[in-house]
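J.: The following file, my_file-v6.tsv, comprises TSV, C-alpha atoms:
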chain	number	residue	atom	x	y	z
A	25	MET	CA	24.37	-190.76	-69.57
A	26	GLY	CA	24.38	-187.04	-70.02
A	27	GLY	CA	21.65	-186.13	-67.53
A	28	SER	CA	21.98	-184.00	-64.43
A	29	ILE	CA	20.22	-184.34	-61.12
A	30	ALA	CA	18.77	-181.21	-59.52
A	31	LEU	CA	19.45	-181.23	-55.81
A	32	ASP	CA	17.13	-179.44	-53.41
A	33	MET	CA	19.58	-177.44	-51.32
A	34	THR	CA	17.13	-175.48	-49.20
A	35	CYS	CA	18.59	-174.22	-45.91
A	36	SER	CA	16.62	-172.75	-43.04
A	37	LEU	CA	17.00	-171.07	-39.67
A	38	THR	CA	14.34	-171.01	-36.95
A	39	ALA	CA	14.25	-170.51	-33.21
A	40	PRO	CA	14.82	-173.59	-31.05
A	41	PRO	CA	11.58	-175.29	-29.86
A	42	ALA	CA	12.43	-174.66	-26.19
A	43	PHE	CA	12.70	-170.92	-26.88
A	44	ARG	CA	9.34	-170.92	-28.68
A	45	ARG	CA	7.65	-172.70	-25.75
A	46	ALA	CA	9.22	-170.34	-23.20
A	47	VAL	CA	8.10	-167.24	-25.11
A	48	LEU	CA	4.56	-168.59	-25.50
A	49	THR	CA	4.43	-169.36	-21.76
A	50	VAL	CA	5.58	-165.85	-20.82
A	51	ALA	CA	3.05	-164.28	-23.21
A	52	THR	CA	0.23	-166.41	-21.80
A	53	VAL	CA	1.15	-165.51	-18.21
A	54	LEU	CA	1.26	-161.83	-19.18
A	55	ALA	CA	-2.17	-162.04	-20.82
A	56	ILE	CA	-3.64	-163.76	-17.75
A	57	ALA	CA	-2.09	-161.11	-15.47
A	58	GLU	CA	-3.57	-158.32	-17.62
A	59	VAL	CA	-7.03	-159.93	-17.48
A	60	GLY	CA	-6.69	-160.25	-13.70
A	61	LEU	CA	-5.62	-156.62	-13.39
A	62	PHE	CA	-8.59	-155.47	-15.46
A	63	ALA	CA	-10.98	-157.59	-13.40
A	64	ALA	CA	-9.59	-156.15	-10.14
A	65	VAL	CA	-9.78	-152.56	-11.36
A	66	TRP	CA	-13.29	-153.11	-12.74
A	67	ARG	CA	-14.41	-154.42	-9.33
A	68	MET	CA	-12.86	-151.39	-7.61
A	69	GLY	CA	-14.45	-149.13	-10.22
A	70	ILE	CA	-17.88	-150.41	-9.24
A	71	LEU	CA	-17.19	-149.40	-5.63
A	72	ALA	CA	-15.65	-146.00	-6.44
A	73	ASP	CA	-18.19	-143.46	-7.65
A	74	PRO	CA	-16.64	-140.13	-8.64
A	75	GLY	CA	-20.01	-138.46	-8.08
A	76	ALA	CA	-20.54	-134.94	-9.34
A	77	ASN	CA	-16.92	-133.88	-8.88
A	78	ALA	CA	-15.69	-133.02	-12.40
A	79	ARG	CA	-12.02	-133.39	-11.47
A	80	ALA	CA	-12.60	-136.83	-9.98
A	81	VAL	CA	-14.45	-137.89	-13.14
A	82	ARG	CA	-11.56	-136.70	-15.33
A	83	ALA	CA	-9.02	-138.49	-13.14
A	84	PHE	CA	-11.18	-141.64	-13.22
A	85	VAL	CA	-11.41	-141.54	-17.04
A	86	LEU	CA	-7.69	-140.77	-17.39
A	87	ALA	CA	-6.76	-143.68	-15.08
A	88	GLY	CA	-9.00	-146.04	-17.06
A	89	THR	CA	-7.54	-144.84	-20.35
A	90	MET	CA	-3.97	-145.24	-19.12
A	91	LEU	CA	-4.75	-148.73	-17.81
A	92	THR	CA	-6.24	-149.68	-21.18
A	93	LEU	CA	-3.27	-148.28	-23.12
A	94	GLN	CA	-0.86	-150.07	-20.79
A	95	ALA	CA	-2.69	-153.36	-21.32
A	96	MET	CA	-2.74	-152.89	-25.09
A	97	ALA	CA	1.00	-152.18	-25.08
A	98	ALA	CA	1.80	-155.19	-22.87
A	99	ILE	CA	-0.30	-157.59	-24.95
A	100	GLY	CA	1.12	-156.07	-28.17
A	101	VAL	CA	4.69	-156.63	-26.96
A	102	ALA	CA	3.82	-160.19	-25.90
A	103	TRP	CA	2.28	-160.96	-29.30
A	104	THR	CA	5.22	-159.39	-31.13
A	105	ILE	CA	7.70	-161.53	-29.18
A	106	VAL	CA	5.64	-164.66	-29.89
A	107	ALA	CA	5.63	-163.77	-33.61
A	108	LEU	CA	9.38	-163.09	-33.56
A	109	SER	CA	10.00	-166.45	-31.91
A	110	ARG	CA	8.22	-168.08	-34.84
A	111	THR	CA	10.10	-166.28	-37.63
A	112	GLU	CA	11.48	-168.69	-40.20
A	113	LEU	CA	14.23	-167.97	-42.72
A	114	GLU	CA	14.64	-170.29	-45.72
A	115	TRP	CA	16.93	-169.87	-48.68
A	116	ASP	CA	18.20	-171.53	-51.79
A	117	ASP	CA	18.36	-169.43	-54.97
A	118	HIS	CA	15.82	-167.13	-53.31
A	119	VAL	CA	15.23	-165.93	-49.75
A	120	ARG	CA	11.97	-166.47	-47.85
A	121	LEU	CA	11.03	-164.97	-44.48
A	122	GLU	CA	7.78	-165.50	-42.65
A	123	HIS	CA	6.11	-165.32	-39.26
A	124	PRO	CA	2.46	-165.31	-38.16
A	125	TRP	CA	1.45	-161.94	-39.60
A	126	ARG	CA	3.73	-161.26	-42.54
A	127	GLN	CA	5.94	-162.88	-45.11
A	128	TRP	CA	8.46	-161.86	-47.73
A	129	SER	CA	10.34	-163.58	-50.51
A	130	GLY	CA	12.85	-162.28	-53.01
A	131	GLY	CA	16.33	-162.59	-54.39
A	132	TRP	CA	19.69	-162.13	-52.73
A	133	PRO	CA	20.17	-158.59	-54.17
A	134	ASP	CA	17.02	-157.53	-52.22
A	135	VAL	CA	18.78	-158.21	-48.92
A	136	ARG	CA	20.22	-154.91	-47.69
A	137	ARG	CA	21.93	-155.69	-44.38
A	138	VAL	CA	22.32	-158.73	-42.15
A	139	TRP	CA	23.95	-159.07	-38.75
A	140	TRP	CA	23.96	-161.36	-35.74
A	141	ARG	CA	23.90	-159.96	-32.23
A	142	ASN	CA	23.02	-161.49	-28.85
A	143	GLY	CA	21.33	-164.54	-30.30
A	144	TRP	CA	19.29	-162.69	-32.94
A	145	LEU	CA	19.91	-162.57	-36.65
A	146	ALA	CA	18.65	-159.22	-38.02
A	147	ILE	CA	17.77	-158.90	-41.69
A	148	GLU	CA	16.96	-155.67	-43.54
A	149	ILE	CA	15.31	-155.79	-46.94
A	150	HIS	CA	15.42	-153.03	-49.58
A	151	GLY	CA	12.10	-151.16	-49.67
A	152	GLU	CA	10.88	-152.36	-46.24
A	153	TRP	CA	11.03	-150.20	-43.16
A	154	ARG	CA	10.70	-153.10	-40.68
A	155	ARG	CA	13.51	-155.53	-40.01
A	156	TRP	CA	13.18	-159.27	-39.70
A	157	TYR	CA	14.59	-161.04	-36.64
A	158	VAL	CA	15.35	-164.74	-36.39
A	159	ARG	CA	16.40	-166.33	-33.10
A	160	VAL	CA	19.73	-168.07	-33.69
A	161	PRO	CA	21.49	-168.67	-30.35
A	162	ASP	CA	24.88	-169.64	-31.83
A	163	ALA	CA	26.61	-167.29	-34.29
A	164	SER	CA	29.01	-170.02	-35.38
A	165	ALA	CA	26.21	-172.40	-36.36
A	166	GLU	CA	26.60	-173.92	-39.80
A	167	GLY	CA	23.35	-172.23	-40.88
A	168	ILE	CA	24.87	-168.78	-40.23
A	169	THR	CA	28.01	-169.76	-42.12
A	170	ALA	CA	25.93	-170.99	-45.07
A	171	LEU	CA	23.86	-167.80	-45.03
A	172	ARG	CA	26.96	-165.57	-44.97
A	173	SER	CA	28.37	-167.40	-47.97
A	174	MET	CA	25.23	-166.60	-50.01
A	175	LEU	CA	25.12	-162.86	-49.18
A	176	PRO	CA	26.42	-160.27	-51.64
A	177	PRO	CA	29.64	-158.48	-50.58
A	178	GLY	CA	29.18	-155.75	-47.96
A	179	VAL	CA	25.77	-156.95	-46.74
A	180	TRP	CA	26.96	-158.75	-43.59
A	181	LEU	CA	27.72	-156.23	-40.82
A	182	ASP	CA	30.23	-157.12	-38.16
A	183	GLY	CA	32.51	-155.40	-35.66
A	184	ALA	CA	33.17	-151.70	-36.34
A	185	GLU	CA	30.71	-151.61	-39.28
A	186	LEU	CA	27.90	-152.84	-37.02
A	187	ARG	CA	28.75	-150.38	-34.23
A	188	SER	CA	28.82	-147.52	-36.72
A	189	TYR	CA	25.46	-148.61	-38.13
A	190	TYR	CA	23.91	-148.70	-34.64
A	191	LEU	CA	25.22	-145.22	-33.86
A	192	ARG	CA	23.82	-143.78	-37.11
A	193	ARG	CA	20.47	-145.59	-37.31
A	194	VAL	CA	19.35	-147.15	-34.04
A	195	VAL	CA	20.54	-144.83	-31.26
A	196	PRO	CA	18.80	-141.65	-32.58
A	197	ILE	CA	15.45	-143.47	-32.85
A	198	PHE	CA	15.86	-144.90	-29.36
A	199	LEU	CA	16.72	-141.48	-27.91
A	200	ALA	CA	13.75	-139.88	-29.69
A	201	ALA	CA	11.40	-142.53	-28.26
A	202	VAL	CA	12.78	-141.99	-24.75
A	203	GLY	CA	12.40	-138.20	-25.13
A	204	ILE	CA	8.81	-138.41	-26.37
A	205	GLY	CA	7.95	-140.86	-23.59
A	206	GLY	CA	9.47	-138.52	-21.01
A	207	LEU	CA	7.51	-135.56	-22.37
A	208	LEU	CA	4.28	-137.59	-22.17
A	209	VAL	CA	4.99	-138.53	-18.55
A	210	ILE	CA	5.67	-134.86	-17.70
A	211	ALA	CA	2.47	-133.74	-19.48
A	212	ILE	CA	0.31	-136.34	-17.73
A	213	THR	CA	1.87	-135.52	-14.36
A	214	ALA	CA	1.22	-131.78	-14.89
A	215	TYR	CA	-2.38	-132.53	-15.91
A	216	LEU	CA	-2.98	-134.63	-12.81
A	217	ARG	CA	-1.46	-131.96	-10.56
A	218	SER	CA	-3.94	-129.42	-11.90
A	219	PHE	CA	-6.75	-131.15	-9.99
Any chance you could give the structure as structure tokens?

T.:
Amino acid sequence: MGGSIALDMTCSLTAPPAFRRAVLTVATVLAIAEVGLFAAVWRMGILADPGANARAVRAFVLAGTMLTLQAMAAIGVAWTIVALSRTELEWDDHVRLEHPWRQWSGGWPDVRRVWWRNGWLAIEIHGEWRRWYVRVPDASAEGITALRSMLPPGVWLDGAELRSYYLRRVVPIFLAAVGIGGLLVIAITAYLRSF
């Protein structure tokens, strides 16, 4: 008999079910809290009439806008964390990544960088500006070992290579975001003081 049997050797990594449930619970509680906050502020808004005072009207509109932006950011972060908790990584001859709002599939040469840190496996793909994150609590899990064995040389970042990468790529973006946020807080504070 000269035949061969093709074996399906698909491997996958996903977040543990307990982690998924916990993230969904936190996101639901956050959404309920935001709805409660909006309801409370809306009730107070009915009682507070800025009248003909132009400064009071501007402050009222600014406070409402800031509350809305804060709620959008909080719900956006909650939804992002829920999506991240549902990211699935599968591989065999090809690599497939997916979560509720996006998916990607390609070959091993398309994978640019991969690292594990604090329970999260980060994956960068050539040509994409967003990373993929998969919750993997144990770095020594056999799934991580199998994944590392499939990666091209130099793709897995560890130790000094990972620290160097963070210093070159992540820290400047983080510092820029903190600086822009600080400038916005200063500008809003100066605007409110002008009343």

J.: A:Glu112, A:Glu122, A:Asp73, A:Asp162: which is nearest Gly143 (chain A), counting only C-alpha atoms?

T.: A:Asp162

J.: Nearest to Val158 (chain A): which of A:Thr92, A:Ser129, A:Ser109, A:Ser36 is it, counting only C-alpha atoms?

T.: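 The answer is A:Ser109, which sits nearest to Val158 (chain A).
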
J.: What lies within 6 Å of Ile149 (chain A) using only C-alpha atoms, ignoring chain neighbours under 2 positions off, as a VMD selection string?

T.: chain A and resid 134 to 136 152

J.: May I have a table of the residues of region 36-150 of chain A lying at most 12 Å from region 179-196 of chain A, giving each one's closest pair of atoms and their distance in Å to one decimal, counting only C-alpha atoms, ordered by chain and ascending residue number, as a tab-separated table?

T.:
residue	atom	partner	partner_atom	distance
A:Trp132	CA	A:Val179	CA	10.0
A:Pro133	CA	A:Val179	CA	9.4
A:Asp134	CA	A:Val179	CA	10.3
A:Val135	CA	A:Val179	CA	7.4
A:Arg136	CA	A:Val179	CA	6.0
A:Arg137	CA	A:Val179	CA	4.7
A:Val138	CA	A:Trp180	CA	4.9
A:Trp139	CA	A:Leu181	CA	5.2
A:Trp140	CA	A:Asp182	CA	7.9
A:Arg141	CA	A:Asp182	CA	9.1
A:Leu145	CA	A:Trp180	CA	10.6
A:Ala146	CA	A:Leu181	CA	10.0
A:Ile147	CA	A:Trp180	CA	9.4
A:Glu148	CA	A:Val179	CA	9.5
A:Ile149	CA	A:Val179	CA	10.5
A:His150	CA	A:Val179	CA	11.4

J.: To one decimal place in Å, what is the distance between CA of Leu208 (chain A) and CA of Thr52 (chain A)?

T.: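 Between CA of Leu208 (chain A) and CA of Thr52 (chain A) the gap works out to 29.1 Å.
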
J.: Kindly indicate which residue among A:Thr111, A:Gly206, A:Asp117, A:Ala98 lies nearest to Val50 (chain A), using all atoms listed in the file for the distances.

T.: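 Going through A:Thr111, A:Gly206, A:Asp117, A:Ala98 one by one, the smallest distance to Val50 (chain A) is for A:Ala98.
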
J.: Pick from A:Leu216, A:Val209, A:Leu48, A:Val160: nearest to Val85 (chain A), with all atoms listed in the file counted?

T.: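 Under the stated criterion, the closest residue is A:Leu216.
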
J.: Would you mind telling me which residue in A:Ser218, A:Thr213, A:Thr38, A:Asn142 lies nearest to Glu114 (chain A) when using only C-alpha atoms?

T.: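 Closest residue, counting only C-alpha atoms: A:Thr38.
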
J.: Give the answer as one residue: which of A:Trp156, A:Leu37, A:Met90, A:Asp116 has the shortest atom-to-atom distance to Thr104 (chain A), using all atoms listed in the file?

T.: A:Trp156

J.: Taking (8.0, -160.7, -28.9) in the file's coordinates as the center, which residues reach within 12 Å of it, counting only C-alpha atoms, put as a PyMOL selection string?

T.: chain A and resi 43-44+46-52+54+97-111+123-124+157-159

J.: Axis-aligned box over every listed atom of region 77-95 of chain A, padded by 3 Å per side: centre and edges in Å to one decimal, as JSON?

T.:
{"center_x": -8.9, "center_y": -143.2, "center_z": -16.0, "size_x": 22.1, "size_y": 26.3, "size_z": 20.2}

J.: Measure the distance from CA of Leu207 (chain A) to CA of Asn77 (chain A) in Å and round it to one decimal.

T.: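 Taking CA of Leu207 (chain A) and CA of Asn77 (chain A), their separation equals 28.0 Å.
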
J.: Expressed in Å to a single decimal, how great is the separation between CA of Ala87 (chain A) and CA of Ala200 (chain A)?

T.: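 Taking CA of Ala87 (chain A) as the start and CA of Ala200 (chain A) as the end point, the length is 25.5 Å.
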
J.: Since the input is missing atoms, can you rebuild N, CA, C and O atoms for region 167-183 of chain A and write them as a short mmCIF file (atom, residue, chain, number, x, y, z; two decimals), in the coordinates of the input?

T.:
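Ended up saving to selection-v8.cif:
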data_model
loop_
_atom_site.label_atom_id
_atom_site.label_comp_id
_atom_site.auth_asym_id
_atom_site.auth_seq_id
_atom_site.Cartn_x
_atom_site.Cartn_y
_atom_site.Cartn_z
N GLY A 167 24.36 -172.98 -40.14
CA GLY A 167 23.35 -172.23 -40.88
C GLY A 167 23.78 -170.79 -41.12
O GLY A 167 23.59 -170.23 -42.21
N ILE A 168 24.38 -170.17 -40.09
CA ILE A 168 24.87 -168.78 -40.23
C ILE A 168 26.01 -168.74 -41.25
O ILE A 168 26.07 -167.85 -42.09
N THR A 169 26.89 -169.71 -41.17
CA THR A 169 28.01 -169.76 -42.12
C THR A 169 27.50 -169.92 -43.55
O THR A 169 27.98 -169.24 -44.47
N ALA A 170 26.50 -170.79 -43.73
CA ALA A 170 25.93 -170.99 -45.07
C ALA A 170 25.24 -169.72 -45.56
O ALA A 170 25.36 -169.35 -46.73
N LEU A 171 24.54 -169.05 -44.66
CA LEU A 171 23.86 -167.80 -45.03
C LEU A 171 24.88 -166.74 -45.44
O LEU A 171 24.72 -166.08 -46.47
N ARG A 172 25.93 -166.57 -44.66
CA ARG A 172 26.96 -165.57 -44.97
C ARG A 172 27.59 -165.82 -46.33
O ARG A 172 27.92 -164.88 -47.05
N SER A 173 27.75 -167.08 -46.69
CA SER A 173 28.37 -167.40 -47.97
C SER A 173 27.47 -167.02 -49.15
O SER A 173 27.96 -166.82 -50.26
N MET A 174 26.16 -166.92 -48.93
CA MET A 174 25.23 -166.60 -50.01
C MET A 174 25.04 -165.08 -50.17
O MET A 174 24.56 -164.63 -51.21
N LEU A 175 25.37 -164.30 -49.15
CA LEU A 175 25.12 -162.86 -49.18
C LEU A 175 26.06 -162.14 -50.14
O LEU A 175 27.23 -162.48 -50.24
N PRO A 176 25.54 -161.10 -50.80
CA PRO A 176 26.42 -160.27 -51.64
C PRO A 176 27.47 -159.56 -50.76
O PRO A 176 27.26 -159.37 -49.56
N PRO A 177 28.59 -159.17 -51.35
CA PRO A 177 29.64 -158.48 -50.58
C PRO A 177 29.11 -157.21 -49.92
O PRO A 177 28.33 -156.46 -50.50
N GLY A 178 29.53 -156.97 -48.68
CA GLY A 178 29.18 -155.75 -47.96
C GLY A 178 27.83 -155.78 -47.26
O GLY A 178 27.47 -154.82 -46.60
N VAL A 179 27.09 -156.88 -47.37
CA VAL A 179 25.77 -156.95 -46.74
C VAL A 179 25.89 -157.37 -45.28
O VAL A 179 25.17 -156.86 -44.42
N TRP A 180 26.80 -158.29 -44.98
CA TRP A 180 26.96 -158.75 -43.59
C TRP A 180 27.69 -157.68 -42.80
O TRP A 180 28.77 -157.24 -43.17
N LEU A 181 27.10 -157.23 -41.69
CA LEU A 181 27.72 -156.23 -40.82
C LEU A 181 28.32 -156.92 -39.61
O LEU A 181 27.69 -157.78 -38.99
N ASP A 182 29.52 -156.51 -39.27
CA ASP A 182 30.23 -157.12 -38.16
C ASP A 182 31.18 -156.10 -37.57
O ASP A 182 31.63 -155.19 -38.26
N GLY A 183 31.50 -156.22 -36.31
CA GLY A 183 32.51 -155.40 -35.66
C GLY A 183 32.26 -153.90 -35.76
O GLY A 183 31.20 -153.40 -35.39
#
